[in-house]
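S.K.: Provided below: query-v2.txt, containing compact mmCIF, C-alpha atoms and all ligand atoms.
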# COMPACT_ATOMS: atom_id res chain seq x y z
CA MET A 176 103.81 71.49 145.94
CA SER A 177 101.84 72.54 148.98
CA ASN A 178 102.94 75.63 150.81
CA VAL A 179 101.75 74.25 154.15
CA ALA A 180 104.56 73.38 156.56
CA MET A 181 102.44 72.23 159.49
CA GLU A 182 98.77 71.51 159.85
CA LEU A 183 96.93 70.98 163.12
CA GLN A 184 93.72 69.01 162.72
CA ASP A 185 91.32 69.22 165.67
CA VAL A 186 94.14 68.73 168.17
CA ARG A 187 92.92 68.01 171.70
CA LYS A 188 94.64 67.15 174.93
CA SER A 189 93.07 65.94 178.13
CA ILE A 190 94.97 65.46 181.34
CA GLY A 191 92.96 63.45 183.80
CA LYS A 192 89.37 64.53 183.27
CA LYS A 193 90.32 68.06 182.24
CA GLU A 194 90.45 69.04 178.57
CA ILE A 195 93.34 71.50 178.30
CA ILE A 196 93.45 71.84 174.50
CA LYS A 197 90.02 71.93 172.95
CA GLY A 198 90.29 71.26 169.24
CA LEU A 199 92.93 73.38 167.52
CA THR A 200 92.78 73.53 163.73
CA PHE A 201 95.15 75.78 161.81
CA SER A 202 98.05 75.73 159.33
CA ILE A 203 101.47 77.30 159.31
CA TYR A 204 103.09 78.07 155.97
CA LYS A 205 106.65 77.77 154.67
CA GLY A 206 108.69 80.94 155.06
CA GLU A 207 106.38 82.62 157.56
CA VAL A 208 107.00 83.61 161.16
CA PHE A 209 103.93 82.61 163.13
CA GLY A 210 103.40 83.99 166.62
CA PHE A 211 101.49 81.77 168.98
CA ILE A 212 100.28 84.02 171.75
CA GLY A 213 98.00 83.94 174.71
CA PRO A 214 97.81 84.57 178.43
CA ASN A 215 99.65 82.33 180.88
CA GLY A 216 98.00 78.93 181.19
CA ALA A 217 96.26 79.28 177.79
CA GLY A 218 97.85 76.10 176.49
CA LYS A 219 100.78 77.31 174.38
CA THR A 220 103.42 75.03 175.88
CA THR A 221 101.10 72.02 175.86
CA THR A 222 100.35 72.59 172.15
CA ILE A 223 104.02 73.05 171.32
CA ARG A 224 104.95 69.90 173.22
CA MET A 225 102.48 68.01 171.03
CA MET A 226 103.80 69.67 167.85
CA VAL A 227 107.35 68.51 168.61
CA GLY A 228 106.40 65.00 169.71
CA LEU A 229 107.17 65.45 173.41
CA MET A 230 103.55 64.77 174.34
CA GLU A 231 100.93 62.48 172.83
CA LEU A 232 97.74 63.89 171.36
CA SER A 233 94.45 62.81 172.94
CA HIS A 234 92.63 63.47 169.66
CA GLY A 235 93.29 64.84 166.16
CA ASP A 236 96.55 64.95 164.27
CA VAL A 237 99.52 67.15 163.39
CA LEU A 238 100.76 66.90 159.80
CA ILE A 239 104.30 68.02 159.14
CA LEU A 240 104.94 68.44 155.40
CA GLY A 241 101.99 66.08 155.03
CA ASN A 242 103.41 63.40 157.38
CA SER A 243 101.27 62.46 160.37
CA ILE A 244 102.97 62.79 163.73
CA LYS A 245 100.79 59.87 164.88
CA HIS A 246 101.29 57.44 162.03
CA ASP A 247 104.62 58.49 160.54
CA PHE A 248 106.43 59.96 163.51
CA LYS A 249 109.97 59.58 162.16
CA ASN A 250 109.35 61.33 158.85
CA ALA A 251 107.23 64.01 160.50
CA ILE A 252 109.60 64.88 163.31
CA ARG A 253 112.69 64.91 161.08
CA GLU A 254 111.40 68.22 159.68
CA VAL A 255 111.17 69.89 163.09
CA GLY A 256 113.85 71.79 164.98
CA ALA A 257 112.86 73.13 168.37
CA ILE A 258 113.90 74.83 171.55
CA VAL A 259 111.22 74.00 174.04
CA GLU A 260 113.09 73.96 177.28
CA ASN A 261 116.33 75.91 177.70
CA PRO A 262 118.88 74.43 175.32
CA GLU A 263 121.48 72.34 177.14
CA MET A 264 124.90 73.78 176.41
CA TYR A 265 128.18 73.02 178.09
CA PRO A 266 129.61 76.28 179.46
CA PHE A 267 133.17 74.93 179.66
CA MET A 268 133.20 74.11 175.94
CA THR A 269 133.33 76.61 173.08
CA GLY A 270 130.31 77.29 170.88
CA TRP A 271 131.98 75.30 168.13
CA GLN A 272 132.66 72.31 170.42
CA ASN A 273 129.07 72.34 171.62
CA LEU A 274 127.70 72.31 168.08
CA MET A 275 130.14 69.59 166.97
CA HIS A 276 129.08 67.54 170.00
CA TYR A 277 125.46 67.61 168.76
CA ALA A 278 126.39 67.31 165.10
CA ARG A 279 128.14 63.98 165.82
CA MET A 280 124.88 62.59 167.20
CA ILE A 281 122.97 63.26 163.96
CA PRO A 282 123.91 61.11 160.97
CA GLY A 283 125.11 62.96 157.90
CA ILE A 284 125.89 66.38 159.39
CA SER A 285 129.04 67.81 157.82
CA LYS A 286 131.43 70.39 159.24
CA GLU A 287 130.26 72.65 156.42
CA ARG A 288 126.69 72.48 157.73
CA VAL A 289 127.93 73.44 161.19
CA GLN A 290 129.70 76.45 159.68
CA GLU A 291 126.57 77.32 157.74
CA VAL A 292 124.30 77.42 160.81
CA ILE A 293 126.86 79.50 162.71
CA LYS A 294 126.73 82.03 159.91
CA LEU A 295 122.93 81.95 159.83
CA VAL A 296 122.70 83.02 163.47
CA GLY A 297 125.64 85.43 163.21
CA LEU A 298 127.96 83.76 165.70
CA GLU A 299 131.10 83.57 163.53
CA LYS A 300 133.16 85.78 165.82
CA PRO A 301 132.56 84.28 169.27
CA ILE A 302 132.22 80.67 168.14
CA LYS A 303 135.71 79.74 169.43
CA GLU A 304 134.99 81.22 172.85
CA LYS A 305 133.68 79.30 175.82
CA VAL A 306 129.87 79.34 176.08
CA GLY A 307 130.19 80.30 179.76
CA LYS A 308 131.24 83.74 178.52
CA TYR A 309 128.25 84.15 176.17
CA SER A 310 125.40 86.56 176.82
CA LEU A 311 121.91 85.07 177.10
CA GLY A 312 121.12 86.28 173.57
CA MET A 313 124.23 84.57 172.18
CA ARG A 314 123.26 81.35 173.96
CA GLN A 315 119.79 81.52 172.48
CA ARG A 316 121.29 81.96 169.02
CA LEU A 317 123.59 79.00 169.63
CA GLY A 318 120.48 77.04 170.63
CA ILE A 319 118.81 78.04 167.38
CA ALA A 320 121.94 77.00 165.46
CA GLN A 321 121.79 73.60 167.16
CA ALA A 322 118.09 73.21 166.33
CA LEU A 323 118.87 74.02 162.67
CA LEU A 324 121.71 71.53 162.23
CA HIS A 325 119.57 68.87 160.54
CA SER A 326 118.00 71.46 158.14
CA PRO A 327 114.42 71.27 159.43
CA SER A 328 111.54 72.87 157.51
CA ILE A 329 109.99 74.11 160.75
CA LEU A 330 111.65 75.82 163.69
CA ILE A 331 109.67 76.00 166.93
CA LEU A 332 110.76 78.32 169.72
CA ASP A 333 108.95 78.46 173.04
CA GLU A 334 109.34 81.98 174.51
CA PRO A 335 112.67 82.65 172.73
CA THR A 336 113.01 86.17 174.10
CA ASN A 337 112.41 85.29 177.74
CA GLY A 338 114.95 87.04 179.94
CA LEU A 339 116.64 88.89 177.05
CA ASP A 340 117.42 92.59 177.16
CA PRO A 341 116.16 94.83 174.30
CA ALA A 342 119.40 94.43 172.35
CA GLY A 343 119.20 90.64 172.68
CA ILE A 344 115.58 90.67 171.55
CA ARG A 345 116.49 92.78 168.52
CA GLU A 346 119.23 90.32 167.55
CA ILE A 347 116.98 87.28 167.82
CA ARG A 348 114.31 89.08 165.84
CA GLN A 349 116.75 89.86 163.05
CA TYR A 350 118.00 86.27 162.75
CA ILE A 351 114.53 84.75 162.92
CA ARG A 352 113.27 87.00 160.14
CA ARG A 353 116.33 86.14 158.07
CA LEU A 354 115.79 82.41 158.55
CA ALA A 355 112.24 82.59 157.31
CA ALA A 356 113.13 84.79 154.34
CA GLU A 357 116.37 83.13 153.23
CA GLU A 358 115.84 79.50 154.20
CA ASN A 359 112.06 79.36 153.67
CA VAL A 360 111.80 77.89 157.18
CA ALA A 361 108.43 78.17 158.92
CA VAL A 362 109.12 79.63 162.34
CA ILE A 363 106.66 79.21 165.20
CA ILE A 364 107.25 81.39 168.23
CA SER A 365 105.26 81.33 171.42
CA SER A 366 105.16 84.42 173.54
CA HIS A 367 103.04 86.54 175.80
CA LEU A 368 105.01 89.66 174.86
CA LEU A 369 102.89 91.13 172.11
CA SER A 370 105.03 94.13 171.36
CA GLU A 371 107.73 91.72 170.19
CA ILE A 372 105.37 89.56 168.20
CA GLU A 373 104.23 92.62 166.32
CA LEU A 374 107.73 93.23 164.99
CA MET A 375 108.82 89.65 164.51
CA CYS A 376 105.83 87.84 163.05
CA ASP A 377 103.93 87.78 159.79
CA ARG A 378 100.88 86.26 161.41
CA ILE A 379 99.63 85.56 164.88
CA GLY A 380 97.30 83.01 166.41
CA ILE A 381 95.71 83.89 169.73
CA ILE A 382 94.94 81.07 172.14
CA LYS A 383 92.81 81.30 175.24
CA ASN A 384 91.59 78.47 177.48
CA GLY A 385 92.86 75.89 175.01
CA GLU A 386 91.00 77.38 172.05
CA LEU A 387 92.21 79.41 169.10
CA ILE A 388 90.17 82.57 169.26
CA ALA A 389 91.70 84.44 166.31
CA THR A 390 94.40 84.36 163.67
CA GLN A 391 95.42 87.46 161.80
CA THR A 392 98.27 88.81 159.76
CA VAL A 393 100.27 91.50 161.50
CA GLN A 394 100.33 93.55 158.31
CA ASP A 395 96.53 93.59 158.26
CA THR A 396 96.35 94.87 161.79
CA ASN A 397 98.70 97.73 161.03
CA THR A 398 96.89 98.71 157.85
CA ALA A 399 93.56 98.55 159.64
CA GLU A 400 94.93 100.78 162.37
CA THR A 401 96.08 103.51 160.04
CA GLN A 402 92.80 103.60 158.17
CA ASP A 403 90.30 103.02 160.91
CA ILE A 404 89.65 103.69 164.50
CA ILE A 405 91.86 105.67 166.84
CA GLN A 406 91.73 106.08 170.61
CA VAL A 407 90.88 109.62 171.69
CA GLN A 408 91.58 111.22 175.07
CA MET A 409 89.98 114.62 175.73
CA GLN A 410 90.08 116.86 178.75
CA VAL A 411 86.63 118.39 178.98
CA SER A 412 84.23 119.97 181.43
CA PRO A 413 81.53 119.20 182.41
CA MET A 414 82.24 115.52 181.87
CA LYS A 415 78.72 114.12 182.13
CA GLN A 416 77.37 116.45 179.50
CA ALA A 417 80.24 115.54 177.15
CA VAL A 418 79.45 111.84 177.53
CA ASP A 419 75.79 112.58 176.75
CA VAL A 420 76.61 114.67 173.67
CA LEU A 421 78.86 111.94 172.31
CA LYS A 422 76.05 109.48 172.73
CA THR A 423 73.15 111.56 171.39
CA ASP A 424 74.91 113.53 168.61
CA HIS A 425 77.57 111.05 167.51
CA ALA A 426 76.32 107.61 168.64
CA LEU A 427 79.59 107.02 170.47
CA GLU A 428 80.07 105.29 173.82
CA ALA A 429 82.64 106.99 176.03
CA LYS A 430 84.31 106.35 179.38
CA SER A 431 85.63 108.92 181.80
CA GLU A 432 88.79 108.69 183.85
CA GLY A 433 89.05 111.68 186.18
CA GLU A 434 88.85 114.68 183.89
CA THR A 435 89.68 112.68 180.79
CA LEU A 436 87.08 111.50 178.36
CA LEU A 437 88.04 108.31 176.50
CA PHE A 438 86.46 107.00 173.32
CA GLN A 439 87.24 105.53 169.92
CA THR A 440 86.41 107.04 166.57
CA GLU A 441 87.79 107.85 163.13
CA LYS A 442 90.30 110.68 162.94
CA GLU A 443 88.10 112.67 160.53
CA LYS A 444 85.31 112.87 163.11
CA ILE A 445 87.35 114.73 165.76
CA PRO A 446 86.84 118.35 164.50
CA GLU A 447 83.10 117.71 164.23
CA ILE A 448 82.99 116.40 167.81
CA VAL A 449 84.96 119.38 169.15
CA ARG A 450 82.58 121.74 167.29
CA SER A 451 79.51 120.12 168.84
CA PHE A 452 81.08 120.31 172.32
CA VAL A 453 81.64 124.05 171.83
CA GLN A 454 78.03 124.49 170.68
CA HIS A 455 76.88 122.80 173.91
CA GLU A 456 79.20 125.06 175.94
CA ILE A 457 81.44 122.20 176.96
CA ALA A 458 84.99 123.42 177.50
CA VAL A 459 87.70 121.44 175.66
CA TYR A 460 91.14 121.82 177.28
CA GLN A 461 93.13 119.16 175.48
CA VAL A 462 92.77 116.54 172.72
CA ASN A 463 95.12 113.58 172.34
CA SER A 464 94.86 110.53 170.14
CA SER A 465 96.73 107.30 169.69
CA LYS A 466 96.48 104.34 167.38
CA SER A 467 95.33 101.14 168.99
CA SER A 468 98.20 98.70 169.10
CA LEU A 469 98.09 94.99 168.54
CA GLU A 470 98.23 94.73 172.31
CA ASP A 471 94.92 96.61 172.64
CA LYS A 472 93.42 94.32 170.05
CA PHE A 473 94.76 91.32 171.92
CA PHE A 474 93.11 92.49 175.13
CA ASP A 475 89.90 93.18 173.24
CA LEU A 476 89.99 89.66 171.85
CA ILE A 477 90.70 87.87 175.08
CA GLY A 478 88.52 90.22 177.09
CA GLU A 479 91.04 90.84 179.85
CA ASN A 480 93.10 93.76 181.02
CA THR A 481 96.08 91.75 182.06
CA ILE A 482 97.91 88.77 180.65
CA GLU A 483 99.61 87.73 183.87
N1 LIG B 1 100.60 67.94 183.61
C1 LIG B 1 99.53 68.70 183.81
N2 LIG B 1 98.53 68.33 184.62
C2 LIG B 1 97.43 69.09 184.81
N3 LIG B 1 97.25 70.29 184.22
C3 LIG B 1 98.21 70.74 183.40
C4 LIG B 1 99.39 69.97 183.14
N4 LIG B 1 100.16 70.68 182.26
C5 LIG B 1 99.49 71.82 182.02
N5 LIG B 1 98.33 71.86 182.70
C6 LIG B 1 97.31 72.94 182.64
O1 LIG B 1 97.00 73.18 181.30
C7 LIG B 1 96.81 74.56 181.04
C8 LIG B 1 97.70 75.01 179.92
O2 LIG B 1 99.06 75.03 180.34
P1 LIG B 1 100.28 75.49 179.40
O3 LIG B 1 101.53 75.37 180.20
O4 LIG B 1 100.21 74.74 178.13
O5 LIG B 1 99.91 77.01 179.14
P2 LIG B 1 100.82 78.16 178.53
O6 LIG B 1 99.93 78.93 177.62
O7 LIG B 1 102.06 77.60 177.95
O8 LIG B 1 101.15 79.04 179.77
P3 LIG B 1 102.55 79.72 180.20
O9 LIG B 1 102.69 80.93 179.37
O10 LIG B 1 102.27 80.03 181.64
O11 LIG B 1 103.60 78.69 180.02
C9 LIG B 1 97.07 75.27 182.35
O12 LIG B 1 95.83 75.55 182.95
C10 LIG B 1 97.84 74.26 183.17
O13 LIG B 1 97.56 74.41 184.55
Take the structure in this file and express it as structure tokens.
M.R.:
Amino acid sequence: MSNVAMELQDVRKSIGKKEIIKGLTFSIYKGEVFGFIGPNGAGKTTTIRMMVGLMELSHGDVLILGNSIKHDFKNAIREVGAIVENPEMYPFMTGWQNLMHYARMIPGISKERVQEVIKLVGLEKPIKEKVGKYSLGMRQRLGIAQALLHSPSILILDEPTNGLDPAGIREIRQYIRRLAAEENVAVIISSHLLSEIELMCDRIGIIKNGELIATQTVQDTNTAETQDIIQVQMQVSPMKQAVDVLKTDHALEAKSEGETLLFQTEKEKIPEIVRSFVQHEIAVYQVNSSKSSLEDKFFDLIGENTIE
């Protein structure tokens, strides 16, 4: 049996004369948490709205467990659970009453299934309390529980951590990871907060101007970081001469910010660089280094310094 949960095939969307989504082709696999990230206006929400059947495709197709969203909508969409806009919950009802209210609208959902999803998102304790008393994180988890009622193979969450405090984010992260691992659900999360994606996802897809510009596993990025290039900050004087030495002796391009020299290299090269500075009578006052985070890579990829 195929391990692909969802496959996008040259998905395009035009609104008026403008093409907003310009041919997305990628797959999402069972049991993985896939982060869909990009700057504001990149096309994340539009793509997600097409994935969940809230918007028609202008071109291409989305296959969900092999079923075409265009030609076999019912069978395709039955496998999808999603929170795209804020989940509608009644604050004057308890968590349990809210879930039962939705469960009654879906044929074949038992009370046992309701109990099961409550356990999955860790809301056993407060489930008999009114939702009006819930924290934002608890409401999000109740929303996820609701989206899971019909046992979908794919869970799609648009900006699930929006507005949550760090503790709330940690909770959501924990339950999302558990869902993928224990239920083999493919989870798709859109976000512009990369630091969270790094901890929550197995793989990320970066979208910019309606195009997928990269996909990569988060594991790979981390491994690459530890083995490869690091960012170096050095306080040196005179600055211009240091930049020249880096270029002529080490073939490295550097930038200067005030008295700090900035460049990237392998860790092993640093002693050699310091030695050559000393030989050229360049004073070295301080050396700092840091690994480049996924966020740096993201900015490198999209070629911008800000995502707002
Ligand atoms: N109904 C519409 N009519 C015209 N343009 C639209 C419409 N909906 C979205 N767009 C445009 O399509 C582009 C993608 O928007 P979309 O909301 O999908 O991006 P996004 O990545 O989800 O951004 P954000 O993080 O801000 O939600 C934007 O440039 C937006 O202005």
S.K.: For atom O7 of ligand LIG 1 (chain B) and CA of Pro327 (chain A), quote the distance in Å rounded to one decimal.
M.R.: 23.1 Å
S.K.: Residues within 9 Å of ligand LIG 1 (chain B) should be enumerated using all atoms listed in the file and returned as number ranges by chain.
M.R.: A: 189-191, 193-196, 212-224, 333-334, 365-367, 382-385, 483
S.K.: With a distance cut-off of 8 Å and only C-alpha atoms, select the neighbouring residues of region 448-460 of chain A, excluding the residue or stretch itself and same-chain residues fewer than 4 positions from it, and output the selection as a count of residues only.
M.R.: 11
S.K.: Name the residues in contact with Ile284 (chain A) at a cut-off of 12 Å, using only C-alpha atoms, excluding same-chain residues fewer than 6 positions from it; report them as a list of chain:residue names.
M.R.: A:Leu274, A:Met275, A:His276, A:Tyr277, A:Ala278, A:Gln290, A:Glu291, A:Val292, A:Gln321, A:Leu323, A:Leu324, A:His325, A:Ser326
S.K.: So how far away is CA of Glu231 (chain A) from CA of Arg314 (chain A), in Å?
M.R.: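 These two atoms are separated by 29.3 Å.
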S.K.: I'd like the neighbourhood of Asp377 (chain A) as a VMD selection string, where a residue qualifies if any of its atoms comes within 9 Å (using only C-alpha atoms), though same-chain residues fewer than 3 positions away should be ignored.
M.R.: chain A and resid 207 to 210 372 to 374 391 to 394
S.K.: To one decimal in Å, tell me the separation between CA of Ile364 (chain A) and CA of His234 (chain A).
M.R.: 23.2 Å
S.K.: Could you give me, as number ranges by chain, the residues that sit within 10 Å of (110.2, 80.3, 154.9) in the file's coordinates, counting only C-alpha atoms?
M.R.: A: 178, 180, 204-208, 328-330, 352-362
S.K.: List as a compact mmCIF listing (two decimals) with C-alpha atoms, in the coordinates of the input the protein and nucleic acid residues near Gly228 (chain A), meaning an atom at most 12 Å away when only C-alpha atoms are counted, but skip any in the same chain fewer than 4 places from it.
M.R.:
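Below is the file that was written, selection.txt:
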# COMPACT_ATOMS: atom_id res chain seq x y z
CA THR A 221 101.10 72.02 175.86
CA THR A 222 100.35 72.59 172.15
CA ILE A 223 104.02 73.05 171.32
CA ARG A 224 104.95 69.90 173.22
CA LEU A 232 97.74 63.89 171.36
CA ASP A 236 96.55 64.95 164.27
CA VAL A 237 99.52 67.15 163.39
CA LEU A 238 100.76 66.90 159.80
CA ILE A 239 104.30 68.02 159.14
CA SER A 243 101.27 62.46 160.37
CA ILE A 244 102.97 62.79 163.73
CA LYS A 245 100.79 59.87 164.88
CA HIS A 246 101.29 57.44 162.03
CA ASP A 247 104.62 58.49 160.54
CA PHE A 248 106.43 59.96 163.51
CA LYS A 249 109.97 59.58 162.16
CA ASN A 250 109.35 61.33 158.85
CA ALA A 251 107.23 64.01 160.50
CA ILE A 252 109.60 64.88 163.31
CA ARG A 253 112.69 64.91 161.08
CA GLU A 254 111.40 68.22 159.68
CA VAL A 255 111.17 69.89 163.09
CA GLY A 256 113.85 71.79 164.98
CA ALA A 257 112.86 73.13 168.37
CA VAL A 259 111.22 74.00 174.04
CA ILE A 331 109.67 76.00 166.93
S.K.: Using all atoms listed in the file, which protein or nucleic acid residues come within 8 Å of Phe267 (chain A)? Drop anything in the same chain fewer than 5 positions from it, and give the result as a ChimeraX atom specification.
M.R.: /A:305-307
S.K.: Please list, as a PDB file with C-alpha atoms, in the frame of the given file, the residues that have an atom at most 9 Å away from (126.3, 81.7, 171.1) in the coordinates of this file, counting all atoms listed in the file.
M.R.:
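Everything below was put into out-v4.pdb:
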ATOM      1  CA  THR A 269     133.330  76.610 173.080  1.00  0.00           C
ATOM      2  CA  GLY A 270     130.310  77.290 170.880  1.00  0.00           C
ATOM      3  CA  ILE A 293     126.860  79.500 162.710  1.00  0.00           C
ATOM      4  CA  VAL A 296     122.700  83.020 163.470  1.00  0.00           C
ATOM      5  CA  GLY A 297     125.640  85.430 163.210  1.00  0.00           C
ATOM      6  CA  LEU A 298     127.960  83.760 165.700  1.00  0.00           C
ATOM      7  CA  PRO A 301     132.560  84.280 169.270  1.00  0.00           C
ATOM      8  CA  ILE A 302     132.220  80.670 168.140  1.00  0.00           C
ATOM      9  CA  GLU A 304     134.990  81.220 172.850  1.00  0.00           C
ATOM     10  CA  VAL A 306     129.870  79.340 176.080  1.00  0.00           C
ATOM     11  CA  TYR A 309     128.250  84.150 176.170  1.00  0.00           C
ATOM     12  CA  SER A 310     125.400  86.560 176.820  1.00  0.00           C
ATOM     13  CA  LEU A 311     121.910  85.070 177.100  1.00  0.00           C
ATOM     14  CA  GLY A 312     121.120  86.280 173.570  1.00  0.00           C
ATOM     15  CA  MET A 313     124.230  84.570 172.180  1.00  0.00           C
ATOM     16  CA  ARG A 314     123.260  81.350 173.960  1.00  0.00           C
ATOM     17  CA  GLN A 315     119.790  81.520 172.480  1.00  0.00           C
ATOM     18  CA  ARG A 316     121.290  81.960 169.020  1.00  0.00           C
ATOM     19  CA  LEU A 317     123.590  79.000 169.630  1.00  0.00           C
ATOM     20  CA  GLY A 318     120.480  77.040 170.630  1.00  0.00           C
ATOM     21  CA  ALA A 320     121.940  77.000 165.460  1.00  0.00           C
TER      22      ALA A 320
END
